[in-house]
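Novice: Can you keep this structure in mind? I'll have questions shortly.
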Amino acid sequence: MPLPLTALLEGLLFVSERPLTIQELAQITREPARSVAAALEELKAAWLGKGILLQEQAGAYLLVSHPEVAPYVRTLLGVSRKERLSRAALETLAVIAYYQPATRADIERVRGVNSDHTLAVLLNRELVAAGERRLTPGRPIEYRTTFEFLKYFGLASLEGLPERERFLAELAGSSQEESDGPAGEKTA
Amino acid sequence: MPLPLTALLEGLLFVSERPLTIQELAQITREPARSVAAALEELKAAWLGKGILLQEQAGAYLLVSHPEVAPYVRTLLGVSRKERLSRAALETLAVIAYYQPATRADIERVRGVNSDHTLAVLLNRELVAAGERRLTPGRPIEYRTTFEFLKYFGLASLEGLPERERFLAELAGSSQEESDGPAGEKTA
Amino acid sequence: MSAPLPAVRLDVFAGPLDVLLRLIQEQKLDITDLSLMAVTKQFLDHVRGMEKQDGPLLAAFLRVAAQLMHGKSQALLHEPQDFLDETEESLEEQLRGYERFKQIMTAVAAWQEDCDVAYQRMAPAPLPVALPQPDLVNYAPDDLVSALAAVLEEREEDLPAVARRTVHIETYLDRIGTLLLLQGQTGFRELIEPVQSLEEIVVAFLAVLEFLRSRKAQVRQTGLYADILILSMDAERAAIPRDEVAAGNIRDAVAEVR
């Protein structure tokens, strides 16, 4: 009796040391991408409350341990807790995480200060990665958060970012800020 | 709401690179061995017919992929093997090559970033191999480069590593450079 | 004019917008051009008090200071509409954006404290090749020989002395192939069940070795003198129901095996 597709995906994700895209999984299992996507959703639900977490970003999937197991994992491996990010680094990371893709100028505009150094730190720690060049004057590089970022914060996906909904709503609001709508004037 | 013991064990077994005994698991989770044994039995049953198998070898437990996934895994690994080493992987490899034997913590200290992923890539490509356990707390595994590594770089021996002295000095320097102070914002 | 400058320490603030926002909030003002001008002096005091170690950061503060000064001078000249170079986002807008961002940052900072790491697997998963390959890994070809010896010994006792028959290895290759095809497996005893002569047993054994050599079958033995189990390597073929296999197919399949 052959294993169901979910089990195949489970085995592949378990073995893989890098995120696998739906396309790759479809190719390897010789199943349509649609079935793979559906099976992955099924797995995601099945793993809720388990010791394993299925992380997803931009159609790629990675299996990791649940963040709540982390203290025990550290005991097992004899590793220490990760260093906290500096405030500046955290701010820069947050700009990229919420606005992504974000260019260097985007970051500077939001933070009001040159962020080259912290960006370099984040790139070095692989929490963010350089992507495409934006098709605007100067063709600036766009930055995005990585799977390392998801792992660092124990997130299943970018949807788990705190206050993301509110942020997105405000972002939408701020673009028509001049119209001074109901959300327009905010008091401190 | 804390995770149940089965989930903790699941996470630990998922992350572990070697079989874990009931005693070890009991020690790490601070649960009686009896409960651990019962939870493992529960897990074994839960993983039946899944893509991952809980394997028992001489009283130690290890998660492995299901044998029926094997052909797909080979396809996957075949694909992965052909990929060029990432910059991060190359860095990790360099740390191991110059510091060897190096533990995971050593690598992380030098690189200033968690290197589990790249280490897994290197292990998978057999450029490095796990060796003895170091007699320090946590008994971490020591990693060394392999013969495959020498072949990859066309080296006759490790003596042939270029500029060993200088490189060591540079690595030591770069690990400090990254410690971003609380004031944070230092621009380039 | 407000009293002593709040203790603005650099390690608390990430940049000029941060300082500006704090100054405005402490005077319970809304973010407006007017509010900005009200805190200009304090901001300038802050810049004067900065340790001049970090050039680029100081530059960022000076730039904002210049924007404030410019705004204030415009206001005095009663041209507030020209507060800023119109190609740039106004300081007010920028500050509003930053205020919103700061609210998110509060959540993010708390989150950094609470969250923990999701760990990736530490090493490549043990390859399934190393998985439980039932029993068979424990046996070397030599074990087959001893098993055969046992079978032969058993037979020797009651083998009647009959006239010899010629046996061909092909006969057994066919027989094993057919049995594997139909059942997926067969026992060595079953294989030689109707057999009478020693030669036939040897020939049957050679046929089994041939299947092993060509990797068309694997063998398994559960104990030292237990029956040798011959298993098809081809799971699919073994799964074909008996009646669906036409004689022709069998012959083809057997030929293929050989």
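Chain labels A, B, ... are given in the sequence in which chains occur in the structure tokens; within each chain residues are numbered consecutively from 1, and ligands are likewise numbered from 1 in the order shown.
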Compute the post-superposition RMSD of the C-alpha atoms of chain A relative to chain B, with atoms paired in order and the fit done by least squares.
Specialist: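 Least-squares fit of chain A onto chain B, C-alpha RMSD 16.8 Å.
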Novice: Residues near A:Leu63, anyone? I mean within 8 Å using only C-alpha atoms, not counting same-chain ones fewer than 5 positions away, as a list of chain:residue names.
Specialist: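 Neighbouring residues, sequence-local ones excluded: A:Leu13, A:Phe14, A:Pro19, A:Ile52, A:Leu53, A:Leu54, A:Gln55, C:Gln120.
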Novice: Set the distance at 10 Å and use only C-alpha atoms: which residues neighbour B:Arg134 once local chain neighbours fewer than 5 positions away are removed? I'd like the list as a ChimeraX atom specification.
Specialist: /B:101-103,139-142
Novice: Write the residues of the selection above to a file with N, CA, C and O atoms, as a JSON list (two decimals), in the first residue's frame.
Specialist:
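Saved the output as again.json:
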[["chain", "number", "residue", "atom", "x", "y", "z"],
["B", 101, "PRO", "N", 39.31, 20.49, 15.43],
["B", 101, "PRO", "CA", 37.88, 20.20, 15.44],
["B", 101, "PRO", "C", 37.07, 21.36, 16.01],
["B", 101, "PRO", "O", 37.49, 21.98, 16.97],
["B", 102, "ALA", "N", 35.91, 21.63, 15.41],
["B", 102, "ALA", "CA", 35.08, 22.74, 15.86],
["B", 102, "ALA", "C", 33.69, 22.22, 16.22],
["B", 102, "ALA", "O", 33.14, 21.37, 15.52],
["B", 103, "THR", "N", 33.14, 22.71, 17.32],
["B", 103, "THR", "CA", 31.77, 22.35, 17.68],
["B", 103, "THR", "C", 30.82, 23.35, 17.07],
["B", 103, "THR", "O", 31.23, 24.40, 16.56],
["B", 139, "ARG", "N", 28.54, 17.96, 26.15],
["B", 139, "ARG", "CA", 29.25, 17.01, 25.31],
["B", 139, "ARG", "C", 28.99, 17.25, 23.83],
["B", 139, "ARG", "O", 28.49, 16.38, 23.12],
["B", 140, "PRO", "N", 29.32, 18.44, 23.34],
["B", 140, "PRO", "CA", 29.02, 18.74, 21.93],
["B", 140, "PRO", "C", 29.87, 17.92, 20.97],
["B", 140, "PRO", "O", 30.98, 17.52, 21.31],
["B", 141, "ILE", "N", 29.31, 17.70, 19.81],
["B", 141, "ILE", "CA", 30.02, 16.95, 18.78],
["B", 141, "ILE", "C", 31.06, 17.85, 18.10],
["B", 141, "ILE", "O", 30.82, 19.02, 17.86],
["B", 142, "GLU", "N", 32.20, 17.27, 17.81],
["B", 142, "GLU", "CA", 33.25, 18.01, 17.10],
["B", 142, "GLU", "C", 33.16, 17.69, 15.61],
["B", 142, "GLU", "O", 33.00, 16.53, 15.22]]
Novice: Which residues are close to stretch 46-51 of chain A, i.e. within 6 Å by only C-alpha atoms, leaving aside same-chain residues fewer than 2 positions away? Reply as a ChimeraX atom specification.
Specialist: /A:43-44,65-66 /B:7-8,10-11
Novice: Store the residues of this selection in a file with C-alpha atoms, as a PDB file, in the first residue's frame.
Specialist:
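For reference, part.pdb as written:
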ATOM      1  CA  LEU A  43       0.081  18.818   7.168  1.00  0.00           C
ATOM      2  CA  LYS A  44       0.192  22.299   8.614  1.00  0.00           C
ATOM      3  CA  SER A  65      11.117  22.320  15.916  1.00  0.00           C
ATOM      4  CA  HIS A  66       8.377  24.166  17.763  1.00  0.00           C
TER       5      HIS A  66
ATOM      6  CA  ALA B   7       5.299  17.163  21.633  1.00  0.00           C
ATOM      7  CA  LEU B   8       8.482  17.949  23.556  1.00  0.00           C
ATOM      8  CA  GLU B  10       8.835  14.973  19.115  1.00  0.00           C
ATOM      9  CA  GLY B  11      10.718  18.265  18.890  1.00  0.00           C
TER      10      GLY B  11
END
Novice: Report as a PyMOL selection string all protein, DNA and RNA residues lying within 10 Å of A:Ala94, evaluated on only C-alpha atoms, omitting residues in the same chain fewer than 3 positions from it.
Specialist: (chain A and resi 88-91+97-100+107+145+161) or (chain C and resi 101+104-105+108-109)
Novice: Identify every residue of chain C that has at least one atom within 6 Å of any atom of chain A, counting only C-alpha atoms, and report the result as a list in words.
Specialist: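 The complete set of qualifying residues is Ala14, Gly15, Leu17, Asp30, Ala60, Tyr98, Cys115, Asp116, Val117, Ala118, Tyr119, Gln120 and Ala125 of chain C.
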Novice: Selected residues, all heavy atoms, written as a CSV table (one decimal), in the first residue's frame, please.
Specialist:
chain,number,residue,atom,x,y,z
C,14,ALA,N,17.1,55.6,18.7
C,14,ALA,CA,17.7,55.0,17.5
C,14,ALA,C,18.0,56.1,16.5
C,14,ALA,O,18.8,55.9,15.6
C,14,ALA,CB,16.7,54.1,16.9
C,15,GLY,N,17.5,57.3,16.7
C,15,GLY,CA,17.8,58.3,15.7
C,15,GLY,C,17.0,59.6,16.0
C,15,GLY,O,16.3,59.7,16.9
C,17,LEU,N,14.5,61.1,14.6
C,17,LEU,CA,13.0,61.0,14.6
C,17,LEU,C,12.5,60.6,16.0
C,17,LEU,O,11.5,61.0,16.5
C,17,LEU,CB,12.5,60.1,13.6
C,17,LEU,CG,12.7,60.5,12.1
C,17,LEU,CD1,12.0,59.5,11.2
C,17,LEU,CD2,12.1,61.9,11.9
C,30,ASP,N,0.3,67.3,19.5
C,30,ASP,CA,0.1,66.5,18.3
C,30,ASP,C,1.3,66.8,17.3
C,30,ASP,O,1.9,67.8,17.4
C,30,ASP,CB,-1.2,66.9,17.6
C,30,ASP,CG,-2.4,66.4,18.4
C,30,ASP,OD1,-2.2,65.6,19.3
C,30,ASP,OD2,-3.5,66.9,18.2
C,60,ALA,N,22.8,62.8,10.7
C,60,ALA,CA,21.4,62.6,10.6
C,60,ALA,C,20.7,63.6,11.5
C,60,ALA,O,19.6,64.1,11.1
C,60,ALA,CB,21.1,61.2,10.9
C,98,TYR,N,6.8,57.6,11.5
C,98,TYR,CA,7.6,57.0,12.5
C,98,TYR,C,6.8,56.7,13.7
C,98,TYR,O,7.1,55.7,14.4
C,98,TYR,CB,8.8,57.9,12.8
C,98,TYR,CG,9.8,57.2,13.7
C,98,TYR,CD1,10.7,56.2,13.2
C,98,TYR,CD2,9.9,57.6,15.0
C,98,TYR,CE1,11.6,55.6,13.9
C,98,TYR,CE2,10.9,56.9,15.8
C,98,TYR,CZ,11.7,55.9,15.3
C,98,TYR,OH,12.6,55.3,16.1
C,115,CYS,N,9.5,35.5,22.3
C,115,CYS,CA,9.6,34.4,21.3
C,115,CYS,C,10.8,33.6,21.6
C,115,CYS,O,11.7,34.0,22.2
C,115,CYS,CB,9.7,35.0,19.9
C,115,CYS,SG,11.3,35.7,19.5
C,116,ASP,N,10.8,32.4,21.0
C,116,ASP,CA,11.9,31.6,21.1
C,116,ASP,C,12.2,31.0,19.7
C,116,ASP,O,11.4,31.1,18.8
C,116,ASP,CB,11.8,30.4,22.1
C,116,ASP,CG,13.1,30.1,22.7
C,116,ASP,OD1,14.1,30.2,22.1
C,116,ASP,OD2,13.2,29.7,23.9
C,117,VAL,N,13.4,30.4,19.6
C,117,VAL,CA,13.9,30.0,18.3
C,117,VAL,C,13.2,28.7,17.9
C,117,VAL,O,13.0,27.8,18.7
C,117,VAL,CB,15.4,29.7,18.4
C,117,VAL,CG1,16.0,29.4,17.1
C,117,VAL,CG2,16.0,31.0,19.0
C,118,ALA,N,13.0,28.6,16.6
C,118,ALA,CA,12.6,27.3,16.0
C,118,ALA,C,13.9,26.7,15.4
C,118,ALA,O,14.5,27.3,14.6
C,118,ALA,CB,11.5,27.5,14.9
C,119,TYR,N,14.2,25.5,15.9
C,119,TYR,CA,15.5,24.9,15.5
C,119,TYR,C,15.3,24.0,14.3
C,119,TYR,O,14.3,23.3,14.2
C,119,TYR,CB,16.1,24.1,16.6
C,119,TYR,CG,16.7,25.0,17.6
C,119,TYR,CD1,16.0,25.4,18.8
C,119,TYR,CD2,18.0,25.6,17.5
C,119,TYR,CE1,16.6,26.2,19.7
C,119,TYR,CE2,18.5,26.4,18.4
C,119,TYR,CZ,17.8,26.7,19.6
C,119,TYR,OH,18.4,27.5,20.5
C,120,GLN,N,16.3,24.1,13.4
C,120,GLN,CA,16.3,23.2,12.3
C,120,GLN,C,16.9,21.9,12.7
C,120,GLN,O,17.6,21.9,13.7
C,120,GLN,CB,17.0,23.9,11.1
C,120,GLN,CG,16.5,23.4,9.8
C,120,GLN,CD,17.3,24.0,8.7
C,120,GLN,OE1,18.0,25.0,8.8
C,120,GLN,NE2,17.2,23.4,7.5
C,125,ALA,N,19.1,13.9,7.8
C,125,ALA,CA,18.3,12.8,8.3
C,125,ALA,C,19.0,11.5,7.9
C,125,ALA,O,19.6,11.4,6.9
C,125,ALA,CB,16.9,12.8,7.8
Novice: Pick out the closest residue to A:Ile22 from this set: A:Gly131, A:Gly160, A:Gly59, A:Gly138. Count only C-alpha atoms.
Specialist: A:Gly59
Novice: Do you have the atom CA of B:Glu126-atom CA of A:Glu24 distance handy?
Specialist: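 One can read the atom CA of B:Glu126 to atom CA of A:Glu24 distance as 22.8 Å.
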Novice: Just to confirm, what's the straight-line distance from atom CA of C:Gly184 to atom CA of C:Met233 in Å (one decimal)?
Specialist: 8.3 Å
